[in-house]
file entry-v4.txt (compact mmCIF, C-alpha atoms)
# COMPACT_ATOMS: atom_id res chain seq x y z
CA MET A 627 31.11 -27.04 100.95
CA ASN A 628 29.86 -29.78 103.29
CA ARG A 629 28.31 -33.13 102.44
CA LEU A 630 25.15 -34.60 103.93
CA THR A 631 25.07 -38.40 103.99
CA THR A 632 21.64 -40.06 103.94
CA SER A 633 20.11 -43.42 103.06
CA TRP A 634 19.50 -42.07 99.54
CA GLY A 635 23.00 -40.79 98.88
CA THR A 636 25.55 -38.15 99.83
CA PHE A 637 24.83 -34.59 98.80
CA PRO A 638 27.10 -31.51 98.63
CA LEU A 639 25.12 -28.64 100.15
CA THR A 640 25.69 -24.93 100.61
CA ARG A 641 23.77 -21.92 101.75
CA HIS A 642 23.04 -19.04 99.40
CA PRO A 643 24.95 -17.00 98.58
CA GLU A 644 27.88 -19.37 98.84
CA ASP A 645 30.70 -17.93 100.94
CA PRO A 646 33.83 -20.03 101.61
CA ARG A 647 34.38 -18.08 104.84
CA ASP A 648 30.95 -19.01 106.19
CA GLN A 649 31.25 -21.80 108.75
CA LEU A 650 27.50 -22.39 109.03
CA ARG A 651 26.32 -25.60 107.36
CA ALA A 652 23.26 -25.93 105.13
CA TRP A 653 21.71 -28.53 107.47
CA ASP A 654 21.81 -29.58 111.10
CA ALA A 655 21.01 -32.53 113.37
CA ALA A 656 17.26 -31.88 113.09
CA ASP A 657 17.36 -32.39 109.32
CA GLU A 658 19.43 -35.56 109.73
CA TYR A 659 17.06 -36.92 112.38
CA LEU A 660 14.01 -36.46 110.16
CA LEU A 661 15.63 -38.03 107.09
CA ASN A 662 16.90 -41.00 109.10
CA HIS A 663 13.43 -41.48 110.59
CA LEU A 664 11.77 -41.54 107.17
CA ALA A 665 14.27 -44.09 105.86
CA GLU A 666 14.23 -46.33 108.95
CA THR A 667 10.42 -46.44 109.15
CA GLY A 668 10.04 -46.95 105.41
CA THR A 669 7.61 -44.04 105.13
CA ASP A 670 5.62 -44.25 101.91
CA LEU A 671 6.76 -41.32 99.77
CA SER A 672 4.84 -42.24 96.64
CA GLY A 673 2.15 -39.59 97.13
CA THR A 674 2.41 -35.82 97.54
CA VAL A 675 5.19 -34.91 99.96
CA ALA A 676 5.07 -31.30 101.21
CA VAL A 677 8.13 -29.91 102.99
CA VAL A 678 7.55 -26.71 104.94
CA GLY A 679 10.37 -24.45 106.15
CA ASP A 680 13.26 -26.40 104.58
CA ARG A 681 15.90 -23.79 105.36
CA TRP A 682 18.51 -24.38 102.66
CA GLY A 683 17.03 -27.28 100.71
CA ALA A 684 18.72 -30.14 102.56
CA LEU A 685 15.46 -32.03 103.08
CA VAL A 686 14.17 -31.56 99.55
CA THR A 687 17.52 -32.41 97.95
CA ALA A 688 17.74 -35.71 99.83
CA LEU A 689 14.07 -36.57 99.25
CA ALA A 690 14.35 -35.86 95.53
CA ALA A 691 16.74 -38.83 95.37
CA ALA A 692 14.19 -40.99 97.21
CA GLY A 693 11.81 -40.56 94.29
CA PRO A 694 8.51 -39.38 95.82
CA GLY A 695 5.41 -39.13 93.67
CA GLU A 696 5.27 -35.33 93.98
CA LEU A 697 7.66 -33.24 96.02
CA VAL A 698 6.68 -29.72 97.09
CA GLN A 699 8.69 -27.22 99.09
CA ILE A 700 6.96 -24.28 100.81
CA SER A 701 9.31 -21.52 101.93
CA ASP A 702 9.16 -17.89 103.02
CA SER A 703 12.83 -17.32 102.19
CA TYR A 704 14.10 -16.20 98.78
CA LEU A 705 17.62 -17.17 99.81
CA GLY A 706 16.44 -20.58 101.00
CA ARG A 707 14.53 -21.25 97.77
CA THR A 708 17.54 -20.18 95.71
CA ALA A 709 19.82 -22.44 97.76
CA THR A 710 17.37 -25.31 97.21
CA GLY A 711 17.52 -24.88 93.45
CA GLU A 712 21.31 -24.74 93.51
CA ASN A 713 21.64 -27.78 95.77
CA LEU A 714 19.21 -29.79 93.63
CA ALA A 715 21.17 -28.93 90.50
CA ARG A 716 24.46 -29.76 92.22
CA SER A 717 23.13 -33.19 93.21
CA GLY A 718 22.06 -33.93 89.64
CA ALA A 719 18.35 -33.95 90.49
CA ASP A 720 15.65 -33.08 88.00
CA THR A 721 14.81 -29.62 89.35
CA THR A 722 11.54 -29.56 87.39
CA ALA A 723 10.33 -32.49 89.48
CA VAL A 724 10.19 -30.32 92.60
CA ARG A 725 7.55 -27.60 93.00
CA LEU A 726 9.10 -24.64 94.83
CA LEU A 727 6.25 -22.66 96.39
CA THR A 728 6.34 -19.57 98.56
CA THR A 729 4.28 -18.97 101.67
CA GLN A 730 2.13 -16.64 99.56
CA ASP A 731 1.27 -19.33 97.00
CA PRO A 732 -1.80 -21.60 97.28
CA PRO A 733 -0.69 -24.85 98.98
CA PRO A 734 -1.26 -28.30 97.43
CA GLU A 735 -4.86 -29.51 97.50
CA ARG A 736 -3.88 -32.87 99.01
CA VAL A 737 -0.84 -33.79 101.10
CA ASP A 738 0.06 -37.40 101.92
CA VAL A 739 3.27 -36.69 103.84
CA LEU A 740 3.71 -33.36 105.61
CA LEU A 741 7.21 -32.57 106.86
CA VAL A 742 7.70 -29.40 108.89
CA ARG A 743 11.01 -27.87 109.81
CA VAL A 744 9.90 -25.88 112.87
CA PRO A 745 10.58 -22.18 112.19
CA LYS A 746 11.86 -19.62 114.64
CA SER A 747 8.54 -17.76 114.30
CA LEU A 748 5.63 -19.45 116.07
CA ALA A 749 3.30 -17.18 114.09
CA LEU A 750 4.62 -18.49 110.78
CA LEU A 751 4.15 -22.07 111.98
CA GLU A 752 0.56 -21.28 112.99
CA ASP A 753 -0.22 -19.67 109.65
CA GLN A 754 1.26 -22.50 107.60
CA LEU A 755 -0.47 -25.25 109.59
CA HIS A 756 -3.80 -23.46 109.12
CA ARG A 757 -3.19 -23.09 105.39
CA LEU A 758 -2.25 -26.76 105.00
CA ALA A 759 -4.90 -28.25 107.29
CA PRO A 760 -7.52 -28.62 104.50
CA ALA A 761 -5.02 -30.66 102.45
CA VAL A 762 -4.28 -33.09 105.29
CA HIS A 763 -6.35 -36.27 105.57
CA GLU A 764 -6.55 -39.03 108.18
CA GLY A 765 -3.85 -41.05 106.42
CA THR A 766 -1.37 -38.18 106.14
CA VAL A 767 1.97 -38.77 107.82
CA VAL A 768 2.85 -35.59 109.73
CA VAL A 769 6.36 -35.19 111.15
CA GLY A 770 7.98 -32.01 112.39
CA THR A 771 11.63 -31.55 113.28
CA GLY A 772 13.75 -29.03 115.11
CA MET A 773 16.47 -28.60 117.64
CA VAL A 774 15.41 -29.09 121.26
CA LYS A 775 15.66 -25.33 121.90
CA GLU A 776 13.26 -24.68 119.00
CA ILE A 777 10.45 -27.00 120.12
CA HIS A 778 8.41 -25.71 123.04
CA THR A 779 5.10 -26.56 124.66
CA SER A 780 3.52 -23.82 122.55
CA THR A 781 4.92 -25.47 119.39
CA LEU A 782 3.31 -28.79 120.24
CA ALA A 783 0.06 -27.05 121.17
CA LEU A 784 -0.20 -25.60 117.65
CA PHE A 785 0.20 -29.00 115.99
CA GLU A 786 -2.33 -30.45 118.43
CA ARG A 787 -4.92 -27.69 118.06
CA ILE A 788 -4.76 -27.36 114.28
CA LEU A 789 -3.97 -30.89 113.03
CA GLY A 790 -4.43 -33.54 115.72
CA THR A 791 -2.95 -35.53 118.60
CA THR A 792 0.74 -34.73 118.97
CA ARG A 793 3.72 -36.26 120.74
CA THR A 794 7.48 -35.76 120.66
CA SER A 795 10.37 -38.16 120.23
CA LEU A 796 13.41 -38.67 122.37
CA ALA A 797 16.20 -36.20 121.71
CA VAL A 798 19.04 -37.22 119.38
CA LYS A 799 22.03 -34.87 119.01
CA LYS A 800 19.90 -32.17 120.67
CA ALA A 801 17.17 -32.56 118.04
CA ARG A 802 13.60 -33.82 118.36
CA LEU A 803 10.81 -35.00 116.10
CA VAL A 804 7.16 -33.99 116.40
CA HIS A 805 4.63 -36.71 115.47
CA THR A 806 1.03 -35.73 114.80
CA THR A 807 -1.91 -38.01 114.04
CA PRO A 808 -4.28 -35.98 111.85
CA GLU A 809 -7.91 -35.68 112.84
CA VAL A 810 -10.55 -34.39 110.46
CA ARG A 811 -12.05 -31.50 112.41
CA GLU A 812 -12.58 -27.75 112.43
CA ALA A 813 -9.24 -26.13 113.24
CA GLY A 814 -10.66 -22.63 113.77
CA ALA A 815 -9.96 -19.43 111.88
CA ASN A 816 -6.46 -18.47 110.82
CA PRO A 817 -5.58 -15.25 112.73
CA TRP A 818 -3.04 -14.21 110.09
CA PRO A 819 -2.43 -11.72 108.61
CA TYR A 820 -2.67 -9.58 111.75
CA ARG A 821 -3.73 -5.93 111.82
CA TYR A 822 -3.02 -3.36 114.51
CA ASP A 823 -3.06 0.40 114.95
CA LEU A 824 0.23 2.23 115.29
CA PRO A 825 0.44 4.13 118.59
CA ALA A 826 -0.73 7.71 118.90
CA ASP A 827 2.85 8.86 119.50
CA ALA A 828 4.29 7.06 116.44
CA PRO A 829 6.54 9.51 114.57
CA ALA A 830 6.76 10.42 110.88
CA GLY A 831 3.05 10.81 110.19
CA LEU A 832 2.24 7.21 111.11
CA ALA A 833 0.26 7.83 114.32
CA GLY A 834 -2.93 5.81 114.51
CA ARG A 835 -2.58 4.20 111.09
CA THR A 836 -3.62 0.58 110.77
CA VAL A 837 -0.91 -1.73 109.44
CA VAL A 838 -0.97 -5.36 108.38
CA ASN A 839 1.65 -8.00 109.15
CA HIS A 840 1.68 -11.40 107.54
CA ALA A 841 2.86 -14.20 109.82
CA GLY A 842 6.60 -14.42 110.40
CA VAL A 843 7.36 -10.73 109.88
CA PHE A 844 9.50 -9.27 112.67
CA CYS A 845 7.55 -7.75 115.56
CA ALA A 846 4.21 -8.74 114.05
CA ASP A 847 1.90 -7.23 116.68
CA ARG A 848 3.45 -3.84 117.43
CA LEU A 849 5.86 -1.15 116.28
CA ASP A 850 9.26 -2.36 117.46
CA ILE A 851 11.35 0.10 119.47
CA GLY A 852 14.28 0.11 117.05
CA THR A 853 12.09 1.12 114.13
CA ARG A 854 10.34 3.72 116.30
CA PHE A 855 13.73 5.28 117.10
CA PHE A 856 14.79 5.12 113.45
CA LEU A 857 11.63 6.89 112.29
CA ARG A 858 12.59 9.94 114.34
CA HIS A 859 15.88 10.28 112.49
CA LEU A 860 15.09 9.80 108.81
CA PRO A 861 16.61 12.22 106.26
CA ARG A 862 14.49 15.13 105.06
CA GLY A 863 14.30 17.12 101.84
CA LEU A 864 14.74 14.11 99.57
CA GLY A 865 12.91 15.55 96.55
CA GLY A 866 12.89 13.04 93.70
CA SER A 867 15.59 10.81 95.20
CA ARG A 868 15.64 7.08 94.59
CA VAL A 869 15.17 5.51 98.03
CA VAL A 870 15.36 1.85 99.09
CA ASP A 871 13.81 0.38 102.22
CA LEU A 872 16.25 -2.54 102.51
CA GLY A 873 15.05 -5.49 104.59
CA CYS A 874 11.74 -3.68 104.63
CA GLY A 875 9.72 -5.94 106.92
CA ASN A 876 6.19 -4.54 106.93
CA GLY A 877 7.43 -1.40 105.18
CA VAL A 878 6.69 1.28 107.78
CA VAL A 879 10.05 3.00 107.23
CA GLY A 880 9.49 3.35 103.49
CA LEU A 881 5.88 4.29 104.12
CA ALA A 882 7.00 7.15 106.37
CA VAL A 883 9.25 8.41 103.55
CA ALA A 884 6.39 8.15 101.03
CA LEU A 885 4.09 10.20 103.27
CA ALA A 886 6.66 12.90 104.04
CA GLU A 887 8.41 12.97 100.65
CA PRO A 888 5.81 12.24 97.95
CA GLU A 889 8.21 12.84 95.04
CA THR A 890 10.64 10.07 96.03
CA GLU A 891 11.02 6.89 93.97
CA LEU A 892 10.67 4.07 96.47
CA LEU A 893 11.78 0.46 96.38
CA PHE A 894 10.80 -1.96 99.16
CA THR A 895 12.88 -5.12 99.23
CA ASP A 896 13.20 -8.11 101.54
CA GLU A 897 14.10 -11.78 101.21
CA SER A 898 10.84 -12.74 102.96
CA TYR A 899 7.73 -13.17 100.82
CA GLN A 900 5.58 -12.50 103.88
CA ALA A 901 7.40 -9.23 104.54
CA VAL A 902 7.08 -7.86 101.02
CA ALA A 903 3.39 -8.81 100.92
CA SER A 904 2.91 -6.86 104.16
CA ALA A 905 4.80 -3.83 102.85
CA GLU A 906 2.82 -3.78 99.61
CA GLU A 907 -0.52 -3.90 101.43
CA ASN A 908 0.49 -1.15 103.86
CA PHE A 909 1.72 1.12 101.09
CA ALA A 910 -1.46 0.59 99.07
CA ALA A 911 -3.62 1.39 102.09
CA HIS A 912 -1.86 4.58 103.16
CA ALA A 913 0.06 5.99 100.20
CA GLY A 914 -1.14 4.30 97.02
CA ASN A 915 -4.50 6.05 97.07
CA ALA A 916 -2.68 9.38 97.01
CA GLY A 917 -1.14 8.57 93.64
CA ARG A 918 2.26 7.68 95.03
CA LYS A 919 4.01 4.70 93.44
CA ALA A 920 6.59 2.21 94.63
CA ARG A 921 8.25 -1.02 93.55
CA PHE A 922 8.27 -4.17 95.65
CA LEU A 923 10.95 -6.82 95.27
CA VAL A 924 11.52 -10.18 96.95
CA GLY A 925 15.18 -10.89 96.43
CA ASP A 926 18.74 -11.05 97.64
CA GLY A 927 19.13 -7.57 99.06
CA LEU A 928 20.23 -5.13 96.35
CA ALA A 929 21.88 -7.75 94.14
CA ASP A 930 19.51 -7.02 91.24
CA LEU A 931 20.07 -3.25 91.27
CA ALA A 932 22.49 -1.57 88.88
CA PRO A 933 25.62 -0.06 90.45
CA GLY A 934 25.30 3.64 91.26
CA SER A 935 21.53 3.66 90.74
CA VAL A 936 20.29 4.65 94.22
CA ASP A 937 20.46 7.88 96.26
CA LEU A 938 19.52 6.61 99.72
CA VAL A 939 19.29 3.22 101.43
CA LEU A 940 17.46 2.88 104.75
CA SER A 941 17.80 -0.30 106.79
CA ASN A 942 17.17 -1.96 110.13
CA PRO A 943 19.23 -5.12 109.45
CA PRO A 944 18.54 -8.49 111.08
CA PHE A 945 21.27 -9.98 113.24
CA HIS A 946 20.00 -13.57 113.28
CA SER A 947 20.06 -16.33 110.69
CA HIS A 948 17.40 -18.67 112.06
CA GLN A 949 18.75 -19.46 115.56
CA ALA A 950 22.33 -18.30 114.90
CA THR A 951 23.39 -14.80 115.95
CA THR A 952 25.54 -13.37 113.17
CA ASP A 953 26.35 -10.06 111.47
CA ARG A 954 26.87 -11.82 108.12
CA THR A 955 23.54 -10.60 106.71
CA ALA A 956 24.20 -7.01 107.81
CA ARG A 957 27.69 -7.06 106.30
CA ARG A 958 26.31 -8.22 102.97
CA MET A 959 23.56 -5.61 103.08
CA PHE A 960 26.08 -2.84 103.75
CA ALA A 961 28.37 -3.99 100.93
CA ASP A 962 25.42 -4.26 98.52
CA ALA A 963 24.30 -0.77 99.52
CA ARG A 964 27.70 0.71 98.77
CA ARG A 965 27.69 -0.87 95.31
CA ALA A 966 24.13 0.29 94.55
CA LEU A 967 24.60 3.86 95.81
CA ARG A 968 25.71 6.66 93.53
CA PRO A 969 28.79 8.65 94.59
CA GLY A 970 27.56 10.88 97.40
CA GLY A 971 24.66 8.54 98.13
CA GLU A 972 23.92 7.57 101.73
CA LEU A 973 23.23 4.44 103.71
CA ARG A 974 21.40 5.11 106.98
CA VAL A 975 20.93 2.26 109.45
CA VAL A 976 19.63 1.64 112.96
CA GLY A 977 21.03 -1.09 115.19
CA ASN A 978 21.59 -2.19 118.75
CA ARG A 979 24.61 -0.44 120.20
CA HIS A 980 26.40 -3.70 120.99
CA LEU A 981 26.43 -4.87 117.36
CA GLY A 982 29.33 -2.60 116.41
CA TYR A 983 27.96 -1.57 113.02
CA HIS A 984 30.16 1.54 113.09
CA ALA A 985 33.28 -0.59 112.67
CA THR A 986 31.76 -2.59 109.80
CA LEU A 987 30.61 0.56 108.02
CA ARG A 988 34.04 2.14 108.35
CA ARG A 989 35.64 -0.90 106.71
CA ILE A 990 33.15 -0.90 103.83
CA PHE A 991 32.60 2.84 103.28
CA GLY A 992 35.81 4.26 104.72
CA GLY A 993 33.92 6.06 107.46
CA CYS A 994 30.56 6.62 109.13
CA GLU A 995 28.85 9.23 111.29
CA LEU A 996 26.65 8.97 114.35
CA VAL A 997 23.24 10.53 113.65
CA ALA A 998 21.55 9.75 116.98
CA SER A 999 21.79 7.39 119.93
CA ASP A 1000 19.99 6.33 123.07
CA PRO A 1001 20.95 3.72 125.69
CA LYS A 1002 19.92 0.84 123.38
CA PHE A 1003 20.17 1.98 119.75
CA VAL A 1004 22.32 4.00 117.36
CA VAL A 1005 21.45 5.52 114.00
CA LEU A 1006 24.47 5.70 111.67
CA ARG A 1007 25.04 7.16 108.23
CA ALA A 1008 27.72 6.20 105.72
CA VAL A 1009 28.30 8.01 102.44
CA ARG A 1010 29.77 6.50 99.29
CA ARG A 1011 32.74 8.69 98.51
CA GLY A 1012 33.57 7.44 95.07
call {"tool": "encode", "arguments": {"input": "entry-v4.txt", "output": "structure tokens"}}
result
Amino acid sequence: MNRLTTSWGTFPLTRHPEDPRDQLRAWDAADEYLLNHLAETGTDLSGTVAVVGDRWGALVTALAAAGPGELVQISDSYLGRTATGENLARSGADTTAVRLLTTQDPPPERVDVLLVRVPKSLALLEDQLHRLAPAVHEGTVVVGTGMVKEIHTSTLALFERILGTTRTSLAVKKARLVHTTPEVREAGANPWPYRYDLPADAPAGLAGRTVVNHAGVFCADRLDIGTRFFLRHLPRGLGGSRVVDLGCGNGVVGLAVALAEPETELLFTDESYQAVASAEENFAAHAGNAGRKARFLVGDGLADLAPGSVDLVLSNPPFHSHQATTDRTARRMFADARRALRPGGELRVVGNRHLGYHATLRRIFGGCELVASDPKFVVLRAVRRG
């Protein structure tokens, strides 16, 4: 556990789930820069303070000690929101004094201080700025923060186009601040969620179907090539099996199963609220009207499922945690899958060849098999033996 020192105190912070082997901190120089700026400039925090994209709750935990009038966090991450609650409790803060909203919740009606941790997804930033623009007034203090590599000309252009005149700070510890002076004006229509037609050669009965992606969902404007490859190598003859689309994104993998195997019991799960909203809309549009049913869960992988309760888990795991490249998420997903699968149940995954998932699956399951491969991707299956 690491400690973040601020003008309002020192706070022990962790990511969620807490893992003593994890060397990644729950904050970085961009969070420190923003907090120091607010303290040094004496920013008035007595009104409604909205914090967007606070990754693990570092900003909210520190600001809770500063005593704002109303503190609101808006996050797309279930893990991030859970970490925020844990870090607030660990610091002794009154957790009921902080409103923890998701990106699918209505934003506050008025915002006096808007703090934005710049996300990896430019689309998610665009969507959130559009959603918050009506709550911003001419006196609102707007400050964004991010590492230098996260703040691009396109990032600044979004702040400028949607909220008002924008400038950046000097870099400190490879972090920058974004300062915007709000202007009351028409920001234009929010282009999110985005809809597109799957290509005519999309496999698994998906050709030509229109799908919806909420902002921030991976590969928001097209069918990504890894998923396309995976769709060609899904299991058949599933009958009434219990199937999970783990890390479902917009849900096209689970949707393909629902269309081909109407008797399956499907669960779509992801830690992103935007992703699960996308999956639910796509299922309703293309399978729900045929009487097929599914469950949709925003959560920590398969942590809420009973052991031995699932027949098949399908996954295209992420290999990034914000800007960090890591297989930690995939490892946890594979271990959760083994616990949730019944004996004889199968985990089937797709991944880039260089990620070495075969070695990880062998350690967790005791073995794995190659289903298919091409120069970029592999599809692997691992069976729970006992």
call {"tool": "residues_near_point", "arguments": {"input": "entry-v4.txt", "point": "(19.1, -1.3, 102.2)", "cutoff": "8 Å", "atoms": "all atoms listed in the file", "output": "number ranges by chain"}}
result
A: 870-873, 895, 927-928, 939-941, 959-960, 962-963, 973
call {"tool": "residues_near_point", "arguments": {"input": "entry-v4.txt", "point": "(17.0, -34.6, 121.8)", "cutoff": "10 Å", "atoms": "only C-alpha atoms", "output": "number ranges by chain"}}
result
A: 655-656, 659, 772-775, 794-803
call {"tool": "atom_distance", "arguments": {"input": "entry-v4.txt", "atom1": "atom CA of Val878 of chain A", "atom2": "atom CA of Ile700 of chain A"}}
result
26.5 Å
call {"tool": "atom_distance", "arguments": {"input": "entry-v4.txt", "atom1": "atom CA of Arg793 of chain A", "atom2": "atom CA of Val677 of chain A"}}
result
19.4 Å
call {"tool": "atom_distance", "arguments": {"input": "entry-v4.txt", "atom1": "atom CA of Arg988 of chain A", "atom2": "atom CA of Gly1012 of chain A"}}
result
14.3 Å
call {"tool": "closest_residue", "arguments": {"input": "entry-v4.txt", "among": "A:Asn628, A:Glu897, A:Ala815, A:Val737", "to": "Asp648 of chain A", "atoms": "only C-alpha atoms"}}
result
A:Asn628
call {"tool": "closest_residue", "arguments": {"input": "entry-v4.txt", "among": "A:Arg681, A:Arg974, A:Arg736, A:Gly668", "to": "Pro861 of chain A", "atoms": "only C-alpha atoms"}}
result
A:Arg974
call {"tool": "residues_around", "arguments": {"input": "entry-v4.txt", "residues": "Asp720 of chain A", "least_positions_apart": "2", "cutoff": "12 Å", "atoms": "only C-alpha atoms", "output": "list in words"}}
result
Val686, Thr687, Leu689, Ala690, Ala691, Gly693, Leu697, Gly711, Glu712, Asn713, Leu714, Ala715, Arg716, Ser717, Gly718, Thr722, Ala723, Val724 and Arg725 of chain A
call {"tool": "closest_residue", "arguments": {"input": "entry-v4.txt", "among": "A:Arg965, A:Lys1002, A:Lys746, A:Arg1007", "to": "His984 of chain A", "atoms": "only C-alpha atoms"}}
result
A:Arg1007
call {"tool": "residues_around", "arguments": {"input": "entry-v4.txt", "residues": "Asp680 of chain A", "least_positions_apart": "4", "cutoff": "7 Å", "atoms": "only C-alpha atoms", "output": "MDAnalysis selection string"}}
result
chainID A and resid 684:685 701 743
call {"tool": "closest_atom_pairs", "arguments": {"input": "entry-v4.txt", "of": "segment 639-739 of chain A", "to": "segment 835-843 of chain A", "cutoff": "10 Å", "atoms": "all atoms listed in the file", "output": "JSON lines"}}
result
{"residue": "A:Asp702", "atom": "CA", "partner": "A:Gly842", "partner_atom": "CA", "distance": 8.5}
{"residue": "A:Thr729", "atom": "CA", "partner": "A:Ala841", "partner_atom": "CA", "distance": 9.5}
{"residue": "A:Gln730", "atom": "CA", "partner": "A:His840", "partner_atom": "CA", "distance": 9.6}
call {"tool": "residues_around", "arguments": {"input": "entry-v4.txt", "residues": "segment 762-769 of chain A", "least_positions_apart": "4", "cutoff": "9 Å", "atoms": "only C-alpha atoms", "output": "MDAnalysis selection string"}}
result
chainID A and resid 660 669:670 735:743 758 789 803:810
call {"tool": "closest_residue", "arguments": {"input": "entry-v4.txt", "among": "A:Leu967, A:Ala932, A:Ala901, A:Leu1006", "to": "Leu750 of chain A", "atoms": "all atoms listed in the file"}}
result
A:Ala901
call {"tool": "closest_residue", "arguments": {"input": "entry-v4.txt", "among": "A:Thr779, A:Ser867, A:Thr728, A:Asn876", "to": "Pro819 of chain A", "atoms": "all atoms listed in the file"}}
result
A:Asn876
call {"tool": "residues_around", "arguments": {"input": "entry-v4.txt", "residues": "Glu887 of chain A", "least_positions_apart": "6", "cutoff": "12 Å", "atoms": "only C-alpha atoms", "output": "list of chain:residue names"}}
result
A:Ala830, A:Gly831, A:Leu860, A:Pro861, A:Arg862, A:Gly863, A:Leu864, A:Gly865, A:Gly866, A:Ser867, A:Arg868, A:Val869, A:Gly880, A:Leu881, A:Ala913, A:Arg918, A:Lys919
call {"tool": "closest_residue", "arguments": {"input": "entry-v4.txt", "among": "A:Ala846, A:Leu931, A:Ala961, A:Val1005", "to": "Leu893 of chain A", "atoms": "only C-alpha atoms"}}
result
A:Leu931
call {"tool": "residues_around", "arguments": {"input": "entry-v4.txt", "residues": "Thr632 of chain A", "least_positions_apart": "3", "cutoff": "10 Å", "atoms": "all atoms listed in the file", "output": "list in words"}}
result
Arg629, Gly635, Thr636, Phe637, Glu658, Leu661, Asn662, Ala665, Ala688, Leu689 and Ala691 of chain A
call {"tool": "decode", "arguments": {"input": "entry-v4.txt", "residues": "segment 730-743 of chain A", "atoms": "N, CA and C atoms", "output": "PDB file, in the first residue's frame"}}
result
ATOM      1  N   GLN A 730     -23.306   6.262 -16.966  1.00  0.00           N
ATOM      2  CA  GLN A 730     -24.666   6.065 -17.448  1.00  0.00           C
ATOM      3  C   GLN A 730     -25.693   6.811 -16.603  1.00  0.00           C
ATOM      4  N   ASP A 731     -25.266   7.402 -15.490  1.00  0.00           N
ATOM      5  CA  ASP A 731     -26.175   8.140 -14.622  1.00  0.00           C
ATOM      6  C   ASP A 731     -26.327   9.586 -15.101  1.00  0.00           C
ATOM      7  N   PRO A 732     -27.464  10.227 -14.814  1.00  0.00           N
ATOM      8  CA  PRO A 732     -27.591  11.658 -15.123  1.00  0.00           C
ATOM      9  C   PRO A 732     -26.539  12.445 -14.338  1.00  0.00           C
ATOM     10  N   PRO A 733     -25.834  13.369 -14.969  1.00  0.00           N
ATOM     11  CA  PRO A 733     -24.820  14.161 -14.262  1.00  0.00           C
ATOM     12  C   PRO A 733     -25.472  15.210 -13.378  1.00  0.00           C
ATOM     13  N   PRO A 734     -24.698  15.870 -12.506  1.00  0.00           N
ATOM     14  CA  PRO A 734     -25.262  16.949 -11.683  1.00  0.00           C
ATOM     15  C   PRO A 734     -25.840  18.058 -12.560  1.00  0.00           C
ATOM     16  N   GLU A 735     -26.851  18.747 -12.034  1.00  0.00           N
ATOM     17  CA  GLU A 735     -27.486  19.820 -12.796  1.00  0.00           C
ATOM     18  C   GLU A 735     -26.632  21.087 -12.831  1.00  0.00           C
ATOM     19  N   ARG A 736     -25.782  21.268 -11.839  1.00  0.00           N
ATOM     20  CA  ARG A 736     -24.896  22.433 -11.788  1.00  0.00           C
ATOM     21  C   ARG A 736     -23.537  21.978 -11.260  1.00  0.00           C
ATOM     22  N   VAL A 737     -22.471  22.429 -11.894  1.00  0.00           N
ATOM     23  CA  VAL A 737     -21.115  22.098 -11.482  1.00  0.00           C
ATOM     24  C   VAL A 737     -20.326  23.391 -11.330  1.00  0.00           C
ATOM     25  N   ASP A 738     -19.737  23.587 -10.159  1.00  0.00           N
ATOM     26  CA  ASP A 738     -18.958  24.797  -9.892  1.00  0.00           C
ATOM     27  C   ASP A 738     -17.461  24.587 -10.109  1.00  0.00           C
ATOM     28  N   VAL A 739     -17.002  23.367  -9.875  1.00  0.00           N
ATOM     29  CA  VAL A 739     -15.616  22.995 -10.175  1.00  0.00           C
ATOM     30  C   VAL A 739     -15.661  21.663 -10.912  1.00  0.00           C
ATOM     31  N   LEU A 740     -15.113  21.646 -12.124  1.00  0.00           N
ATOM     32  CA  LEU A 740     -15.088  20.428 -12.927  1.00  0.00           C
ATOM     33  C   LEU A 740     -13.636  19.995 -13.089  1.00  0.00           C
ATOM     34  N   LEU A 741     -13.332  18.816 -12.563  1.00  0.00           N
ATOM     35  CA  LEU A 741     -11.987  18.258 -12.625  1.00  0.00           C
ATOM     36  C   LEU A 741     -12.029  17.005 -13.482  1.00  0.00           C
ATOM     37  N   VAL A 742     -11.174  16.951 -14.487  1.00  0.00           N
ATOM     38  CA  VAL A 742     -11.220  15.863 -15.462  1.00  0.00           C
ATOM     39  C   VAL A 742      -9.863  15.167 -15.533  1.00  0.00           C
ATOM     40  N   ARG A 743      -9.838  13.911 -15.127  1.00  0.00           N
ATOM     41  CA  ARG A 743      -8.660  13.101 -15.373  1.00  0.00           C
ATOM     42  C   ARG A 743      -8.796  12.570 -16.804  1.00  0.00           C
TER      43      ARG A 743
END
